[in-house]
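Undergrad: A single structure is presented below for examination.
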Amino acid sequence: MLATRTWGTGATGSRLVTGTTTIHLDLERELAEFLGSDDALVFSSGYAANLGVISAFGGTDALVVSDQLNHASIVDACRLSRSRIAITPHCDVDAVAVALAGRQERRAIVVTDSVFSTDGALAPLSDLAAVCRQHDALLVVDEAHAIGVLGNGGRGLVDAGGIGADDNVIRTITLSKSLGSQGGAVVASAAVTTDLRNTARTFIFDTGLAPSAVGAALRAVRLLRADPTLAAKACARAGLLAAELGAPPPTSTVVSLVLGDPRLADAVADRCYRDGVLVGCFRPPAVPAGTSRLRLTGRANLRGSEVRFGAEVIRDAVKELA
Ligand SMILES: Cc1ncc(COP(=O)(O)O)c(C=O)c1O
């Protein structure tokens with residue numbers, strides 16, 4: 001409310017024209033401080049952050065090496081960049097090294113989710129960073145599912161791997177998951193953000209993020225800094241939920257309950273909603289055919305009794321409809 005009263009409901013224009021308020025700059029500074037980086041740039045979404053970075057640093061003289069299970073926003077970013085794209089098998093560092101070693105292009109970018117939203121796998125970031133260093137490539141890491149969830153106090157996997165200060169490592173994040181707001185950001189060295197301010201088309205030609213979303217994200221970053229236990233609590237809630245459902249222990253806050261048939265997944269999600277539990281439902285094209293699933297997320301402020309109630313409703317719905 002305070003941000004809206006002070007700066008209005010909209011940012012009024014693109015960031016380089018009239019869409020930068022002091023609260024945007026505060027968020028960028030505090031995000032960079034929290035994540036141990038020189039600088040950050042706030043975009044209107046995580047999707048726009050990925051498009052902006054990869055299309056700015058890609059091009060017809062660049063190779064982009066992308067994990068086969070990367071998020072759709074990365075897939076679209078690769079296409080938009082007009083680079084040659086090499087899709088590598090999931091979390092396969094050797095395949096990334098082979099792709100980089102065989103490149104004809106002047107420049108190369110390796111891009112990966114840090115926590116993969118579909119299967120929860122953690123990317124081998126330290127090994128990828130070493131391979132990128134060896135081949136003079138940029139490493140772009142999408143930390144959408146890691147910030148506020150994994151690493152020291154929720155600082156994510158790049159920080160946990162000790163590669164956050166590397167000049168060739170660029171993080172993208174969303175403000176809409178653990179930070180509970182909307183928008184996205186790029187977290188990187190000052191050299192990278194200075195470049196992006198003048199080259200990332202989704203930064204230059206897109207209206208700045210609404211002040212209310214900026215204010216909410218800023219408050220969330222301050223909460224995370226003030227309480228370093230929040231991230232671990234959210235993961236513990238996901239662990240409890242998975243145990244109650246008989247699902248494998250999750251690597252982050254994401255719990256996937258694979259049901260296979262998309263109609264069954266939809267019907268179970270509808271039944272849960274009727275019975276007071278809102279669950280996400282992923283079906284093709286979000287996941288491959290035959291792997292439709294319920295996608296559940298642990299939250300730090302859920303009570304144990306709430307998690308157990310949710311699990312009971314889900315179990316009953318699956319038993320009745322499968
Ligand atoms: C891994 C990943 N990257 C990027 C995004 C896009 O972020 P946003 O919703 O802020 O555009 C998402 C959102 O679902 C995501 O899961």
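FYI, nothing fancy with the structure tokens labels: chains A, B, ... in order, residues from 1 per chain, ligands from 1 as they appear.
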Using only C-alpha atoms and all ligand atoms, what are the residues with an atom within 6 Å of ligand 1, set out as a compact mmCIF listing (two decimals) with N, CA, C and O atoms, in the first residue's frame?
TA:
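Final file, out_2.txt:
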# COMPACT_ATOMS: atom_id res chain seq x y z
N SER A 45 9.32 -9.37 -15.28
CA SER A 45 9.06 -10.77 -14.91
C SER A 45 10.36 -11.57 -15.01
O SER A 45 11.33 -11.10 -15.63
N GLY A 46 10.33 -12.79 -14.45
CA GLY A 46 11.47 -13.68 -14.61
C GLY A 46 11.62 -14.08 -16.08
O GLY A 46 12.73 -14.24 -16.58
N TYR A 47 10.50 -14.22 -16.75
CA TYR A 47 10.49 -14.57 -18.18
C TYR A 47 11.24 -13.49 -18.97
O TYR A 47 12.12 -13.77 -19.79
N HIS A 71 13.61 -24.36 -18.32
CA HIS A 71 12.28 -23.75 -18.33
C HIS A 71 11.94 -23.14 -19.70
O HIS A 71 12.84 -22.70 -20.44
N SER A 73 10.85 -20.36 -20.59
CA SER A 73 11.32 -18.99 -20.84
C SER A 73 12.76 -19.01 -21.36
O SER A 73 13.15 -18.14 -22.15
N ASP A 113 18.68 -24.08 -15.53
CA ASP A 113 17.94 -23.87 -14.27
C ASP A 113 18.88 -24.33 -13.15
O ASP A 113 19.68 -25.24 -13.36
N SER A 117 12.33 -27.28 -12.36
CA SER A 117 10.97 -27.27 -11.83
C SER A 117 10.24 -28.56 -12.12
O SER A 117 9.31 -28.94 -11.40
N ASP A 142 19.35 -19.83 -13.92
CA ASP A 142 18.01 -19.40 -13.52
C ASP A 142 17.74 -19.96 -12.13
O ASP A 142 17.53 -21.16 -11.96
N ALA A 144 15.15 -19.36 -10.19
CA ALA A 144 13.74 -19.16 -9.83
C ALA A 144 13.30 -20.03 -8.65
O ALA A 144 12.58 -19.57 -7.77
N THR A 174 13.10 -14.98 -10.32
CA THR A 174 11.75 -14.41 -10.35
C THR A 174 11.45 -13.86 -8.97
O THR A 174 11.96 -14.37 -7.96
N SER A 176 8.38 -13.84 -8.01
CA SER A 176 6.99 -14.29 -7.83
C SER A 176 6.85 -15.62 -7.10
O SER A 176 5.74 -16.08 -6.88
N GLY A 183 7.47 -10.13 -10.86
CA GLY A 183 8.63 -9.48 -11.48
C GLY A 183 9.81 -10.42 -11.52
O GLY A 183 9.73 -11.58 -11.11
N GLY A 184 10.93 -9.91 -12.03
CA GLY A 184 12.13 -10.73 -12.12
C GLY A 184 13.35 -9.85 -11.99
O GLY A 184 13.25 -8.62 -11.89
Undergrad: If you count only C-alpha atoms, which residues fall within 12 Å of Ala236 of chain A, apart from same-chain ones fewer than 3 positions away, as a PyMOL selection string?
TA: chain A and resi 149-150+229-233+239-243+249-255+297-304+307
Undergrad: Next, write the just-selected residues to a file, as a short mmCIF file (atom, residue, chain, number, x, y, z; two decimals), in the first residue's frame, keeping N, CA, C and O atoms as the atom set.
TA:
data_model
loop_
_atom_site.label_atom_id
_atom_site.label_comp_id
_atom_site.auth_asym_id
_atom_site.auth_seq_id
_atom_site.Cartn_x
_atom_site.Cartn_y
_atom_site.Cartn_z
N VAL A 149 14.94 -20.47 -0.90
CA VAL A 149 14.64 -21.89 -0.66
C VAL A 149 15.89 -22.67 -0.26
O VAL A 149 15.89 -23.39 0.73
N LEU A 150 16.95 -22.52 -1.05
CA LEU A 150 18.17 -23.33 -0.82
C LEU A 150 19.36 -22.42 -0.54
O LEU A 150 19.33 -21.21 -0.80
N THR A 229 16.28 -18.61 8.97
CA THR A 229 15.73 -19.97 9.08
C THR A 229 14.54 -20.20 8.15
O THR A 229 14.06 -21.33 8.02
N LEU A 230 14.03 -19.12 7.53
CA LEU A 230 12.79 -19.26 6.75
C LEU A 230 12.91 -20.28 5.62
O LEU A 230 12.00 -21.09 5.39
N ALA A 231 14.04 -20.22 4.90
CA ALA A 231 14.20 -21.12 3.74
C ALA A 231 14.18 -22.58 4.19
O ALA A 231 13.48 -23.41 3.59
N ALA A 232 14.91 -22.88 5.26
CA ALA A 232 14.96 -24.27 5.73
C ALA A 232 13.58 -24.72 6.22
O ALA A 232 13.19 -25.88 6.03
N LYS A 233 12.82 -23.78 6.83
CA LYS A 233 11.46 -24.15 7.29
C LYS A 233 10.57 -24.52 6.10
O LYS A 233 9.79 -25.48 6.16
N GLY A 239 9.19 -31.44 2.88
CA GLY A 239 9.60 -32.79 3.27
C GLY A 239 8.48 -33.52 3.97
O GLY A 239 8.21 -34.70 3.70
N LEU A 240 7.79 -32.81 4.88
CA LEU A 240 6.67 -33.42 5.60
C LEU A 240 5.55 -33.80 4.62
O LEU A 240 4.99 -34.90 4.69
N LEU A 241 5.25 -32.88 3.69
CA LEU A 241 4.19 -33.15 2.72
C LEU A 241 4.52 -34.39 1.88
O LEU A 241 3.66 -35.27 1.68
N ALA A 242 5.77 -34.46 1.41
CA ALA A 242 6.17 -35.61 0.58
C ALA A 242 6.05 -36.90 1.39
O ALA A 242 5.54 -37.92 0.88
N ALA A 243 6.47 -36.86 2.65
CA ALA A 243 6.40 -38.07 3.48
C ALA A 243 4.95 -38.50 3.67
O ALA A 243 4.61 -39.69 3.56
N PRO A 249 11.63 -37.95 -1.03
CA PRO A 249 11.98 -36.70 -0.35
C PRO A 249 12.38 -35.63 -1.37
O PRO A 249 13.17 -35.91 -2.27
N PRO A 250 11.83 -34.42 -1.26
CA PRO A 250 12.14 -33.39 -2.26
C PRO A 250 13.52 -32.76 -2.03
O PRO A 250 14.01 -32.77 -0.92
N THR A 251 14.09 -32.21 -3.12
CA THR A 251 15.39 -31.52 -3.00
C THR A 251 15.21 -30.05 -2.68
O THR A 251 16.15 -29.36 -2.36
N SER A 252 13.97 -29.55 -2.81
CA SER A 252 13.71 -28.12 -2.55
C SER A 252 12.31 -28.04 -1.96
O SER A 252 11.90 -28.93 -1.23
N THR A 253 11.57 -26.98 -2.27
CA THR A 253 10.20 -26.89 -1.75
C THR A 253 9.18 -27.54 -2.70
O THR A 253 8.00 -27.59 -2.39
N VAL A 254 9.65 -27.99 -3.84
CA VAL A 254 8.72 -28.51 -4.85
C VAL A 254 8.47 -30.01 -4.64
O VAL A 254 9.41 -30.80 -4.59
N VAL A 255 7.20 -30.37 -4.52
CA VAL A 255 6.83 -31.79 -4.40
C VAL A 255 5.96 -32.13 -5.62
O VAL A 255 4.95 -31.48 -5.86
N THR A 297 3.83 -27.13 -3.28
CA THR A 297 4.97 -26.36 -2.81
C THR A 297 4.91 -26.16 -1.31
O THR A 297 3.86 -25.77 -0.78
N GLY A 298 6.03 -26.40 -0.63
CA GLY A 298 6.10 -26.16 0.82
C GLY A 298 6.26 -24.67 1.10
O GLY A 298 6.90 -23.97 0.33
N ARG A 299 5.65 -24.21 2.19
CA ARG A 299 5.77 -22.80 2.58
C ARG A 299 6.13 -22.73 4.06
O ARG A 299 5.65 -23.54 4.86
N ALA A 300 6.97 -21.76 4.42
CA ALA A 300 7.49 -21.71 5.80
C ALA A 300 6.37 -21.53 6.83
O ALA A 300 6.48 -22.00 7.95
N ASN A 301 5.30 -20.82 6.45
CA ASN A 301 4.27 -20.51 7.45
C ASN A 301 3.12 -21.54 7.51
O ASN A 301 2.12 -21.31 8.17
N LEU A 302 3.28 -22.66 6.81
CA LEU A 302 2.24 -23.71 6.93
C LEU A 302 2.44 -24.46 8.25
O LEU A 302 3.56 -24.83 8.59
N ARG A 303 1.34 -24.70 8.96
CA ARG A 303 1.45 -25.51 10.19
C ARG A 303 1.46 -26.99 9.80
O ARG A 303 0.92 -27.37 8.75
N GLY A 304 2.04 -27.81 10.68
CA GLY A 304 2.08 -29.25 10.43
C GLY A 304 0.68 -29.80 10.20
O GLY A 304 0.45 -30.63 9.31
N VAL A 307 -0.47 -29.11 6.68
CA VAL A 307 0.17 -29.99 5.70
C VAL A 307 -0.49 -31.37 5.74
O VAL A 307 -0.81 -31.96 4.69
#
Undergrad: Using DSSP on the backbone coordinates, identify all residues within segment 171-311 of chain A classified as strand (DSSP E or B); present the result as a list in words.
TA: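 Everything in segment 171-311 of chain A that counts as strand (DSSP E or B) is Arg171, Thr172, Ile173, Thr174, Gly184, Ala185, Val186, Val187, Ala188, Thr207, Val254, Val255, Ser256, Leu257, Val258, Leu259, Gly260, Gly280, Cys281, Phe282, Ser292, Arg293, Leu294, Arg295, Leu296 and Thr297 of chain A.
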Undergrad: From the set A:Gln68, A:Thr12, A:Thr199, A:Ser114, which residue has the shortest atom-to-atom contact distance to Arg171 of chain A, counting only C-alpha atoms?
TA: A:Ser114
Undergrad: Tell me which protein, DNA and RNA residues are within 8 Å of segment 308-320 of chain A, counting only C-alpha atoms, leaving out same-chain ones fewer than 3 positions away, and put them as a list in words.
TA: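 Result of the neighbour search: Leu241, Glu244, Leu245, Val268, Arg271, Cys272, Asp275, Val277, Gly304 and Ser305 of chain A.
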Undergrad: The selected residues should be written to file as a short mmCIF file (atom, residue, chain, number, x, y, z; two decimals), in the first residue's frame (atoms: N, CA and C atoms).
TA:
data_model
loop_
_atom_site.label_atom_id
_atom_site.label_comp_id
_atom_site.auth_asym_id
_atom_site.auth_seq_id
_atom_site.Cartn_x
_atom_site.Cartn_y
_atom_site.Cartn_z
N LEU A 241 5.25 -32.88 3.69
CA LEU A 241 4.19 -33.15 2.72
C LEU A 241 4.52 -34.39 1.88
N GLU A 244 4.06 -37.51 3.91
CA GLU A 244 2.63 -37.82 4.11
C GLU A 244 2.02 -38.43 2.84
N LEU A 245 2.57 -38.04 1.68
CA LEU A 245 2.00 -38.54 0.42
C LEU A 245 2.71 -39.79 -0.09
N VAL A 268 -8.28 -34.80 -10.15
CA VAL A 268 -7.82 -34.81 -8.75
C VAL A 268 -7.66 -33.37 -8.26
N ARG A 271 -11.07 -31.97 -7.52
CA ARG A 271 -11.65 -32.54 -6.30
C ARG A 271 -10.98 -31.91 -5.06
N CYS A 272 -9.68 -31.74 -5.12
CA CYS A 272 -8.97 -31.13 -3.98
C CYS A 272 -9.49 -29.70 -3.76
N ASP A 275 -12.64 -29.66 -2.01
CA ASP A 275 -12.49 -30.03 -0.61
C ASP A 275 -11.57 -29.09 0.16
N VAL A 277 -8.52 -27.57 -0.79
CA VAL A 277 -7.05 -27.55 -0.95
C VAL A 277 -6.72 -27.17 -2.39
N GLY A 304 2.04 -27.81 10.68
CA GLY A 304 2.08 -29.25 10.43
C GLY A 304 0.68 -29.80 10.20
N SER A 305 -0.31 -29.30 11.00
CA SER A 305 -1.67 -29.82 10.86
C SER A 305 -2.25 -29.46 9.48
#
Undergrad: May I ask which of the residues A:Arg219, A:Arg293, A:Arg5, A:His24 is the closest one to Ala185 of chain A, counting only C-alpha atoms?
TA: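 When distances to Ala185 of chain A are compared using only C-alpha atoms, the smallest one comes from A:His24.
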Undergrad: For Thr9 of chain A, please output as an mmCIF file with all heavy atoms, in the first residue's frame all residues within 10 Å (counting only C-alpha atoms; exclusion window: fewer than 6 positions along the same chain).
TA:
data_model
loop_
_atom_site.group_PDB
_atom_site.id
_atom_site.type_symbol
_atom_site.label_atom_id
_atom_site.label_comp_id
_atom_site.auth_asym_id
_atom_site.auth_seq_id
_atom_site.Cartn_x
_atom_site.Cartn_y
_atom_site.Cartn_z
ATOM 1 N N MET A 1 0.838 -1.224 0.000
ATOM 2 C CA MET A 1 0.000 0.000 0.000
ATOM 3 C C MET A 1 0.857 1.252 0.000
ATOM 4 O O MET A 1 0.595 2.195 -0.725
ATOM 5 C CB MET A 1 -0.905 0.008 1.240
ATOM 6 C CG MET A 1 -2.197 -0.748 1.075
ATOM 7 S SD MET A 1 -3.143 -0.198 -0.351
ATOM 8 C CE MET A 1 -3.922 1.269 0.305
ATOM 9 N N ALA A 3 3.911 1.688 -1.050
ATOM 10 C CA ALA A 3 4.584 1.908 -2.336
ATOM 11 C C ALA A 3 3.595 2.473 -3.345
ATOM 12 O O ALA A 3 3.921 3.387 -4.116
ATOM 13 C CB ALA A 3 5.176 0.592 -2.839
ATOM 14 N N ALA A 210 5.598 -2.629 -11.574
ATOM 15 C CA ALA A 210 4.705 -1.776 -10.768
ATOM 16 C C ALA A 210 5.288 -1.569 -9.367
ATOM 17 O O ALA A 210 5.791 -2.522 -8.754
ATOM 18 C CB ALA A 210 3.332 -2.420 -10.679
ATOM 19 N N PRO A 211 5.213 -0.346 -8.832
ATOM 20 C CA PRO A 211 5.791 -0.059 -7.523
ATOM 21 C C PRO A 211 5.284 -0.986 -6.414
ATOM 22 O O PRO A 211 6.061 -1.358 -5.523
ATOM 23 C CB PRO A 211 5.363 1.395 -7.259
ATOM 24 C CG PRO A 211 5.265 1.983 -8.628
ATOM 25 C CD PRO A 211 4.736 0.878 -9.501
ATOM 26 N N SER A 212 4.014 -1.393 -6.461
ATOM 27 C CA SER A 212 3.516 -2.279 -5.394
ATOM 28 C C SER A 212 4.274 -3.606 -5.401
ATOM 29 O O SER A 212 4.626 -4.146 -4.343
ATOM 30 C CB SER A 212 2.015 -2.546 -5.575
ATOM 31 O OG SER A 212 1.787 -3.063 -6.864
ATOM 32 N N ALA A 213 4.573 -4.132 -6.598
ATOM 33 C CA ALA A 213 5.309 -5.400 -6.697
ATOM 34 C C ALA A 213 6.753 -5.205 -6.234
ATOM 35 O O ALA A 213 7.332 -6.073 -5.573
ATOM 36 C CB ALA A 213 5.267 -5.920 -8.136
#
Undergrad: Hey, which of A:Val186, A:Val287, A:Leu80, A:Ala95 ends up closest to Gly59 of chain A? Count only C-alpha atoms.
TA: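 Of A:Val186, A:Val287, A:Leu80, A:Ala95, the one nearest Gly59 of chain A, counting only C-alpha atoms, is A:Leu80.
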